>>> print(open('work_25.txt').read())   # compact mmCIF, C-alpha atoms
# COMPACT_ATOMS: atom_id res chain seq x y z
CA MET N 102 171.69 -7.99 -106.08
CA VAL N 103 169.46 -7.02 -108.99
CA GLU N 104 170.43 -3.35 -108.78
CA LYS N 105 174.08 -4.46 -108.88
CA MET N 106 173.24 -6.54 -111.96
CA GLY N 107 171.89 -3.39 -113.62
CA GLN N 108 175.03 -1.45 -112.72
CA GLU N 109 177.23 -4.16 -114.16
CA MET N 110 175.12 -4.31 -117.31
CA ALA N 111 175.61 -0.56 -117.82
CA ASN N 112 179.34 -0.84 -117.06
CA ARG N 113 179.61 -3.46 -119.81
CA GLY N 114 177.77 -1.21 -122.27
CA HIS N 115 174.37 -2.89 -122.16
CA SER N 116 171.01 -1.19 -122.12
CA LEU N 117 167.86 -2.51 -120.45
CA VAL N 118 164.51 -3.36 -121.97
CA PHE N 119 162.03 -4.21 -119.23
CA GLY N 120 158.39 -4.17 -118.23
CA GLY N 121 158.45 -0.60 -116.95
CA GLY N 122 157.43 -1.30 -113.35
CA ASN N 123 159.12 -0.84 -110.01
CA GLY N 124 159.57 -4.47 -108.91
CA LEU N 125 162.91 -6.24 -109.00
CA MET N 126 163.43 -5.25 -112.62
CA GLY N 127 162.82 -1.68 -111.44
CA ALA N 128 165.85 -2.24 -109.20
CA ALA N 129 167.78 -3.39 -112.27
CA ALA N 130 166.67 -0.19 -114.01
CA ARG N 131 167.93 1.89 -111.09
CA GLY N 132 171.28 0.15 -111.39
CA VAL N 133 171.47 0.71 -115.14
CA LYS N 134 170.49 4.36 -114.73
CA SER N 135 172.98 4.99 -111.90
CA ASP N 136 175.81 3.92 -114.18
CA GLY N 137 174.62 5.86 -117.23
CA GLY N 138 172.92 3.10 -119.20
CA TYR N 139 169.90 3.41 -121.49
CA ILE N 140 166.50 2.13 -120.30
CA LEU N 141 163.46 1.25 -122.40
CA GLY N 142 160.33 0.56 -120.36
CA VAL N 143 157.33 -1.16 -121.91
CA ILE N 144 154.16 -1.13 -119.82
CA PRO N 145 150.53 -1.30 -120.95
CA LYS N 146 148.43 1.86 -120.62
CA PHE N 147 145.98 0.12 -118.30
CA PHE N 148 148.72 -0.31 -115.68
CA ASP N 149 148.70 3.47 -115.30
CA GLU N 150 144.97 4.00 -115.86
CA GLU N 151 143.94 1.32 -113.35
CA LYS N 152 146.90 1.87 -110.98
CA VAL N 153 147.99 -1.77 -111.35
CA GLU N 154 151.62 -0.97 -110.63
CA ALA N 155 153.70 2.16 -110.25
CA ILE N 156 155.49 3.00 -113.47
CA CYS N 157 159.23 3.57 -113.48
CA ASP N 158 159.57 7.34 -113.93
CA PHE N 159 163.18 7.54 -115.13
CA CYS N 160 163.15 5.45 -118.31
CA ASP N 161 164.90 7.05 -121.27
CA GLU N 162 161.97 5.86 -123.35
CA LEU N 163 158.61 4.53 -122.18
CA ILE N 164 156.26 2.75 -124.56
CA GLN N 165 152.69 2.16 -123.42
CA PRO N 166 150.94 -0.36 -125.67
CA ASP N 167 147.28 -1.29 -125.24
CA THR N 168 147.74 -4.97 -124.37
CA MET N 169 150.05 -7.39 -122.61
CA ARG N 170 150.57 -9.23 -125.91
CA GLN N 171 151.80 -6.03 -127.53
CA ARG N 172 154.03 -5.42 -124.53
CA LYS N 173 155.70 -8.82 -124.81
CA GLN N 174 156.18 -8.41 -128.56
CA LEU N 175 157.82 -5.01 -128.08
CA MET N 176 160.12 -6.35 -125.38
CA GLU N 177 161.03 -9.40 -127.49
CA ASP N 178 161.71 -7.25 -130.56
CA ASN N 179 163.90 -4.77 -128.67
CA ALA N 180 165.88 -7.18 -126.45
CA ASP N 181 169.13 -8.93 -127.39
CA ALA N 182 168.88 -11.36 -124.47
CA PHE N 183 166.48 -12.29 -121.68
CA ILE N 184 167.43 -12.33 -118.00
CA ILE N 185 164.79 -13.66 -115.64
CA VAL N 186 165.03 -12.46 -112.04
CA PRO N 187 162.66 -13.58 -109.27
CA GLY N 188 159.15 -12.55 -110.14
CA CYS N 189 155.48 -13.45 -110.17
CA ILE N 190 153.08 -15.21 -112.55
CA GLY N 191 153.79 -12.80 -115.39
CA THR N 192 157.50 -13.57 -115.14
CA TYR N 193 156.83 -17.31 -115.50
CA GLU N 194 154.48 -16.71 -118.41
CA GLU N 195 157.01 -14.50 -120.20
CA PHE N 196 159.78 -17.08 -119.65
CA PHE N 197 157.75 -19.95 -121.04
CA GLU N 198 156.64 -17.94 -124.06
CA ILE N 199 160.17 -16.82 -124.92
CA LEU N 200 161.48 -20.37 -124.33
CA THR N 201 158.77 -21.81 -126.58
CA LEU N 202 159.65 -19.29 -129.30
CA LYS N 203 163.31 -20.24 -129.03
CA GLN N 204 162.44 -23.94 -129.22
CA LEU N 205 160.42 -23.17 -132.37
CA CYS N 206 163.45 -21.31 -133.80
CA ARG N 207 161.69 -17.92 -133.87
CA HIS N 208 164.71 -16.35 -132.16
CA ASN N 209 168.14 -17.38 -130.98
CA LYS N 210 168.65 -14.94 -128.12
CA PRO N 211 170.18 -16.05 -124.81
CA ILE N 212 167.74 -16.82 -121.98
CA ALA N 213 169.12 -16.92 -118.44
CA PHE N 214 167.68 -17.24 -114.95
CA TYR N 215 169.39 -15.17 -112.28
CA ASN N 216 168.70 -17.74 -109.57
CA ILE N 217 169.00 -15.48 -106.54
CA MET N 218 168.79 -17.42 -103.26
CA GLY N 219 167.65 -20.52 -105.17
CA TYR N 220 164.39 -18.84 -106.24
CA TYR N 221 164.23 -20.85 -109.47
CA ASP N 222 165.44 -24.19 -108.08
CA ASP N 223 161.92 -25.62 -108.16
CA ILE N 224 161.15 -24.54 -111.73
CA ASN N 225 164.52 -25.95 -112.82
CA TYR N 226 163.67 -29.20 -111.02
CA ALA N 227 160.23 -29.30 -112.70
CA MET N 228 161.86 -28.84 -116.11
CA GLU N 229 164.35 -31.64 -115.36
CA GLN N 230 161.50 -33.93 -114.27
CA ALA N 231 159.56 -33.20 -117.46
CA MET N 232 162.70 -34.10 -119.43
CA LYS N 233 163.26 -37.24 -117.37
CA LYS N 234 159.66 -38.30 -118.06
CA ASN N 235 160.04 -37.52 -121.78
CA PHE N 236 157.52 -34.69 -121.91
CA ILE N 237 160.28 -32.25 -122.85
CA ARG N 238 163.30 -33.22 -124.94
CA ASP N 239 166.65 -33.21 -123.15
CA ASN N 240 168.08 -30.70 -125.62
CA CYS N 241 165.72 -28.10 -124.16
CA LYS N 242 168.44 -27.65 -121.48
CA GLU N 243 170.57 -26.05 -124.20
CA LEU N 244 168.02 -23.27 -124.69
CA TYR N 245 168.42 -21.55 -121.31
CA TYR N 246 170.89 -21.17 -118.47
CA VAL N 247 170.45 -21.07 -114.69
CA THR N 248 172.99 -19.48 -112.34
CA ASP N 249 173.24 -17.51 -109.12
CA LYS N 250 176.57 -15.94 -110.13
CA LEU N 251 176.38 -12.50 -111.74
CA ASP N 252 179.59 -12.85 -113.75
CA ASP N 253 178.47 -16.19 -115.19
CA LEU N 254 175.05 -14.76 -116.00
CA LEU N 255 176.44 -11.80 -117.92
CA ARG N 256 179.10 -13.89 -119.64
CA TYR N 257 176.34 -16.25 -120.85
CA VAL N 258 174.14 -13.51 -122.29
CA GLU N 259 177.16 -11.85 -123.91
CA THR N 260 178.33 -15.02 -125.67
CA PRO N 261 177.20 -15.11 -129.30
CA VAL N 262 175.17 -18.14 -130.33
CA ASP N 263 176.62 -19.94 -133.34
CA LYS N 264 173.43 -20.52 -135.30
CA ILE N 265 169.73 -20.98 -135.03
CA ARG N 266 168.98 -24.67 -134.98
CA THR N 267 166.10 -26.00 -137.01
CA ILE N 268 162.86 -27.13 -135.44
CA LYS N 269 163.60 -30.62 -136.76
CA GLU N 270 166.99 -30.69 -134.98
CA LEU N 271 165.38 -29.65 -131.72
CA LYS N 272 162.45 -32.02 -132.14
CA ASP N 273 164.56 -35.02 -133.11
CA GLY N 274 167.02 -34.39 -130.30
>>> encode(input="work_25.txt", output="structure tokens")
Amino acid sequence: MVEKMGQEMANRGHSLVFGGGNGLMGAAARGVKSDGGYILGVIPKFFDEEKVEAICDFCDELIQPDTMRQRKQLMEDNADAFIIVPGCIGTYEEFFEILTLKQLCRHNKPIAFYNIMGYYDDINYAMEQAMKKNFIRDNCKELYYVTDKLDDLLRYVETPVDKIRTIKELKDG
């Protein structure tokens, strides 16, 4: 499913900025590559030096910063949208950071979960519960999108956002 997402991204003229590994986003990279799309991988040097994870060897460009913080900044700076596929702790951490930055009006890029086989149902439920209990404002729902349908996912990330809201608008609801 994720490789097909990559193929469809390339068919629609999109490139891929990703963490440079061979997990599910590596499958997306294979899909992008198979249909002629551009791939930028960003993976810290220590992943290679300490054999943390195999590095995708067919990126058009591979940047190897020193730290994870630098990695995330490079990915944020080079991406036009963020698609979250099933992943591990780092995936959650990256989502919450990019969501927080959007809530603080530091960017206005689309954020979407590709909810394959309901993988993100529980995190979506946790977010809804936090909103219900008034720990997170209800308008936070406007900052990201959850779907298991590829066409809806790509349509969402391709739709221009009208304007960046102010922190006050988001805070006041």
>>> residues_around(input="work_25.txt", residues="Glu259 (chain N)", least_positions_apart="4", cutoff="9 Å", atoms="all atoms listed in the file", output="PyMOL selection string")
chain N and resi 182+211+254-255
>>> atom_distance(input="work_25.txt", atom1="CA of Leu200 (chain N)", atom2="CA of Ala155 (chain N)")
27.7 Å
>>> closest_residue(input="work_25.txt", among="N:Tyr245, N:Phe236, N:Phe197, N:Tyr139", to="Asn209 (chain N)", atoms="all atoms listed in the file")
N:Tyr245
>>> atom_distance(input="work_25.txt", atom1="CA of Ala111 (chain N)", atom2="CA of Ile156 (chain N)")
20.9 Å
>>> closest_residue(input="work_25.txt", among="N:Lys242, N:Ile185, N:Met232, N:Ile199", to="Phe214 (chain N)", atoms="only C-alpha atoms")
N:Ile185
>>> atom_distance(input="work_25.txt", atom1="CA of Gly219 (chain N)", atom2="CA of Leu251 (chain N)")
13.6 Å
>>> closest_residue(input="work_25.txt", among="N:Met169, N:Cys160, N:Met106, N:Lys134", to="Phe148 (chain N)", atoms="all atoms listed in the file")
N:Met169
>>> residues_around(input="work_25.txt", residues="Asn112 (chain N)", least_positions_apart="6", cutoff="10 Å", atoms="only C-alpha atoms", output="list of chain:residue names")
N:Met106, N:Gly132, N:Val133, N:Asp136, N:Gly137, N:Gly138
>>> residues_around(input="work_25.txt", residues="Arg172 (chain N)", least_positions_apart="2", cutoff="12 Å", atoms="all atoms listed in the file", output="CSV table (one decimal) with C-alpha atoms, keeping the file's coordinate frame")
chain,number,residue,atom,x,y,z
N,118,VAL,CA,164.5,-3.4,-122.0
N,119,PHE,CA,162.0,-4.2,-119.2
N,120,GLY,CA,158.4,-4.2,-118.2
N,121,GLY,CA,158.4,-0.6,-117.0
N,141,LEU,CA,163.5,1.2,-122.4
N,142,GLY,CA,160.3,0.6,-120.4
N,143,VAL,CA,157.3,-1.2,-121.9
N,144,ILE,CA,154.2,-1.1,-119.8
N,145,PRO,CA,150.5,-1.3,-121.0
N,146,LYS,CA,148.4,1.9,-120.6
N,147,PHE,CA,146.0,0.1,-118.3
N,148,PHE,CA,148.7,-0.3,-115.7
N,163,LEU,CA,158.6,4.5,-122.2
N,164,ILE,CA,156.3,2.8,-124.6
N,165,GLN,CA,152.7,2.2,-123.4
N,166,PRO,CA,150.9,-0.4,-125.7
N,167,ASP,CA,147.3,-1.3,-125.2
N,168,THR,CA,147.7,-5.0,-124.4
N,169,MET,CA,150.0,-7.4,-122.6
N,170,ARG,CA,150.6,-9.2,-125.9
N,174,GLN,CA,156.2,-8.4,-128.6
N,175,LEU,CA,157.8,-5.0,-128.1
N,176,MET,CA,160.1,-6.4,-125.4
N,177,GLU,CA,161.0,-9.4,-127.5
N,178,ASP,CA,161.7,-7.2,-130.6
N,179,ASN,CA,163.9,-4.8,-128.7
N,191,GLY,CA,153.8,-12.8,-115.4
N,195,GLU,CA,157.0,-14.5,-120.2
>>> closest_residue(input="work_25.txt", among="N:Glu109, N:Glu104, N:Glu229, N:Glu162", to="Asp252 (chain N)", atoms="only C-alpha atoms")
N:Glu109
>>> decode(input="work_25.txt", residues="region 106-141 of chain N", atoms="N, CA and C atoms", output="tab-separated table (two decimals), in the first residue's frame")
chain	number	residue	atom	x	y	z
N	106	MET	N	1.40	4.18	-2.78
N	106	MET	CA	1.30	5.60	-2.46
N	106	MET	C	2.45	6.36	-3.12
N	107	GLY	N	3.65	5.82	-3.01
N	107	GLY	CA	4.81	6.46	-3.63
N	107	GLY	C	4.68	6.55	-5.14
N	108	GLN	N	4.19	5.48	-5.75
N	108	GLN	CA	3.97	5.51	-7.21
N	108	GLN	C	2.98	6.60	-7.59
N	109	GLU	N	1.89	6.67	-6.84
N	109	GLU	CA	0.87	7.67	-7.14
N	109	GLU	C	1.40	9.08	-6.90
N	110	MET	N	2.21	9.25	-5.88
N	110	MET	CA	2.83	10.56	-5.65
N	110	MET	C	3.65	10.97	-6.87
N	111	ALA	N	4.48	10.07	-7.35
N	111	ALA	CA	5.33	10.37	-8.52
N	111	ALA	C	4.46	10.64	-9.75
N	112	ASN	N	3.42	9.84	-9.95
N	112	ASN	CA	2.52	10.05	-11.09
N	112	ASN	C	1.86	11.43	-11.06
N	113	ARG	N	1.66	11.96	-9.86
N	113	ARG	CA	1.04	13.28	-9.71
N	113	ARG	C	2.08	14.40	-9.68
N	114	GLY	N	3.34	14.04	-9.89
N	114	GLY	CA	4.39	15.04	-9.97
N	114	GLY	C	5.03	15.44	-8.65
N	115	HIS	N	4.81	14.63	-7.61
N	115	HIS	CA	5.38	14.94	-6.30
N	115	HIS	C	6.72	14.23	-6.12
N	116	SER	N	7.57	14.86	-5.33
N	116	SER	CA	8.81	14.22	-4.92
N	116	SER	C	8.61	13.72	-3.49
N	117	LEU	N	9.64	13.08	-2.94
N	117	LEU	CA	9.56	12.54	-1.59
N	117	LEU	C	10.75	13.01	-0.77
N	118	VAL	N	10.46	13.55	0.39
N	118	VAL	CA	11.46	13.86	1.40
N	118	VAL	C	11.17	12.89	2.53
N	119	PHE	N	12.16	12.09	2.91
N	119	PHE	CA	11.90	11.11	3.97
N	119	PHE	C	13.17	10.82	4.76
N	120	GLY	N	13.02	10.02	5.79
N	120	GLY	CA	14.09	9.76	6.73
N	120	GLY	C	15.24	8.91	6.25
N	121	GLY	N	15.22	8.48	5.00
N	121	GLY	CA	16.36	7.81	4.40
N	121	GLY	C	16.56	6.34	4.73
N	122	GLY	N	15.61	5.74	5.47
N	122	GLY	CA	15.75	4.34	5.84
N	122	GLY	C	15.00	3.41	4.90
N	123	ASN	N	14.90	2.15	5.30
N	123	ASN	CA	14.26	1.15	4.46
N	123	ASN	C	12.98	0.59	5.06
N	124	GLY	N	12.37	1.28	6.01
N	124	GLY	CA	11.11	0.84	6.58
N	124	GLY	C	9.96	1.08	5.60
N	125	LEU	N	8.79	1.38	6.13
N	125	LEU	CA	7.65	1.62	5.24
N	125	LEU	C	7.87	2.84	4.35
N	126	MET	N	8.53	3.86	4.86
N	126	MET	CA	8.80	5.00	3.99
N	126	MET	C	9.84	4.62	2.93
N	127	GLY	N	10.66	3.63	3.20
N	127	GLY	CA	11.54	3.09	2.16
N	127	GLY	C	10.71	2.47	1.04
N	128	ALA	N	9.58	1.85	1.41
N	128	ALA	CA	8.66	1.32	0.39
N	128	ALA	C	8.06	2.46	-0.42
N	129	ALA	N	7.72	3.56	0.25
N	129	ALA	CA	7.22	4.73	-0.48
N	129	ALA	C	8.29	5.24	-1.44
N	130	ALA	N	9.54	5.25	-0.99
N	130	ALA	CA	10.64	5.69	-1.85
N	130	ALA	C	10.78	4.78	-3.07
N	131	ARG	N	10.63	3.48	-2.87
N	131	ARG	CA	10.69	2.55	-4.01
N	131	ARG	C	9.59	2.87	-5.02
N	132	GLY	N	8.40	3.17	-4.50
N	132	GLY	CA	7.30	3.52	-5.38
N	132	GLY	C	7.56	4.81	-6.14
N	133	VAL	N	8.06	5.82	-5.46
N	133	VAL	CA	8.38	7.09	-6.11
N	133	VAL	C	9.44	6.86	-7.18
N	134	LYS	N	10.48	6.12	-6.83
N	134	LYS	CA	11.58	5.86	-7.76
N	134	LYS	C	11.10	5.08	-8.98
N	135	SER	N	10.25	4.07	-8.77
N	135	SER	CA	9.80	3.23	-9.88
N	135	SER	C	9.01	4.02	-10.92
N	136	ASP	N	8.43	5.14	-10.49
N	136	ASP	CA	7.66	5.95	-11.42
N	136	ASP	C	8.37	7.27	-11.74
N	137	GLY	N	9.68	7.30	-11.53
N	137	GLY	CA	10.50	8.42	-11.99
N	137	GLY	C	10.50	9.66	-11.12
N	138	GLY	N	10.06	9.55	-9.89
N	138	GLY	CA	10.03	10.72	-9.00
N	138	GLY	C	11.37	10.96	-8.32
N	139	TYR	N	11.52	12.15	-7.78
N	139	TYR	CA	12.73	12.58	-7.08
N	139	TYR	C	12.63	12.22	-5.60
N	140	ILE	N	13.75	11.76	-5.03
N	140	ILE	CA	13.78	11.34	-3.63
N	140	ILE	C	14.93	12.02	-2.90
N	141	LEU	N	14.59	12.69	-1.79
N	141	LEU	CA	15.58	13.26	-0.89
N	141	LEU	C	15.51	12.47	0.41
